[in-house]
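These notes are about the structure you will find just below.
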Amino acid sequence: MSLRWLDFDYSEGDDGTGVFDAMASVELRFVAEVQAEVDAVLRWAESAFAGRRMPVEDGGEWDADLQVTDDTGHPPRRCFSLSIVGTPAFCRAFGEHFGDAGD
């Protein structure tokens, strides 16, 4: 799956746990498109690793954190910050599914 709005950076801890971070700051007219992409990424993770979402340190395969903030500048913008942490198996599958995510 190709992503238009979310461009993930990848980092890895000493224990092999990986983190994918993406941020998109968009004018309000693009909010629905970005939200749809975020939803698609999370739907894929829920489907591919069903029932295994919880902090990795507690035995989960993956977890995610989404922060959404508004900037009242001109023009107004909305900022989406999505972080997804996962085991090595999750990270491999994420990279395979989303192509160059994290490259």
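Chain labels A, B, ... are given in the sequence in which chains occur in the structure tokens; within each chain residues are numbered consecutively from 1, and ligands are likewise numbered from 1 in the order shown.
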Quiz item: What lies within 9 Å of Arg53 in chain A using only C-alpha atoms, ignoring chain neighbours under 4 positions off, as a VMD selection string?
Solution: chain A and resid 45 to 46 49 60 to 64
Self-check item: Which of chain A DSSP labels strand (DSSP E), written as a PyMOL selection string
Solution: chain A and resi 9-12+18-27+62-71+77-86
Near-Ser81 in chain A list (9 Å; only C-alpha atoms; drop same-chain fewer than 2 positions) as a compact mmCIF listing (two decimals) with N, CA, C and O atoms, in the first residue's frame:
# COMPACT_ATOMS: atom_id res chain seq x y z
N ASP A 21 7.64 6.49 13.04
CA ASP A 21 7.07 7.79 13.37
C ASP A 21 6.73 8.53 12.08
O ASP A 21 7.55 8.59 11.16
N ALA A 22 5.53 9.12 12.05
CA ALA A 22 5.13 9.94 10.91
C ALA A 22 4.39 11.16 11.42
O ALA A 22 3.69 11.10 12.45
N MET A 23 4.55 12.26 10.70
CA MET A 23 3.83 13.47 11.03
C MET A 23 3.34 14.11 9.74
O MET A 23 4.08 14.13 8.74
N ALA A 24 2.13 14.59 9.76
CA ALA A 24 1.57 15.30 8.62
C ALA A 24 0.87 16.55 9.15
O ALA A 24 0.00 16.45 10.01
N SER A 25 1.26 17.70 8.66
CA SER A 25 0.62 18.96 9.01
C SER A 25 -0.04 19.48 7.74
O SER A 25 0.64 19.79 6.76
N ASP A 65 0.34 5.29 19.00
CA ASP A 65 -0.07 6.52 19.66
C ASP A 65 -0.32 7.56 18.58
O ASP A 65 0.56 7.80 17.74
N LEU A 66 -1.51 8.14 18.58
CA LEU A 66 -1.87 9.18 17.63
C LEU A 66 -2.17 10.46 18.39
O LEU A 66 -2.99 10.45 19.31
N GLN A 67 -1.50 11.53 18.02
CA GLN A 67 -1.75 12.85 18.59
C GLN A 67 -2.24 13.74 17.45
O GLN A 67 -1.62 13.76 16.37
N VAL A 68 -3.31 14.48 17.69
CA VAL A 68 -3.85 15.40 16.70
C VAL A 68 -3.98 16.77 17.35
O VAL A 68 -4.60 16.89 18.42
N THR A 69 -3.37 17.77 16.73
CA THR A 69 -3.43 19.13 17.26
C THR A 69 -3.80 20.09 16.14
O THR A 69 -3.54 19.83 14.96
N CYS A 79 -2.33 18.97 12.65
CA CYS A 79 -1.10 18.17 12.66
C CYS A 79 -1.42 16.79 13.25
O CYS A 79 -1.97 16.69 14.34
N SER A 83 2.86 7.41 15.99
CA SER A 83 3.99 6.56 16.35
C SER A 83 3.49 5.14 16.53
O SER A 83 2.49 4.91 17.22
Practice problem: Provide the CA of Met54 in chain A to CA of Asp70 in chain A distance in Å, to one decimal place. | Solution: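 Value for the CA of Met54 in chain A-CA of Asp70 in chain A distance: 27.6 Å.
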Exercise. Between A:Val34, A:Val41, A:Leu6, A:Asp15, single out the one closest to Phe94 in chain A, counting only C-alpha atoms.
Key: A:Val41
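Nearest to Glu57 in chain A of all the residues A:His97, A:Arg29, A:Val85, A:His74 is A:Val85, based on only C-alpha atoms.
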Quiz item: Given the choices A:Val31, A:Arg43, A:Val26, A:Ala48, which gets closest to Arg92 in chain A if the distance is worked out from only C-alpha atoms?
Solution: A:Ala48
Quiz prompt | Two-atom distance - CA of Gly99 in chain A, CA of Ala50 in chain A (Å) | solution =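 Atom-to-atom, CA of Gly99 in chain A and CA of Ala50 in chain A are spaced 20.9 Å apart.
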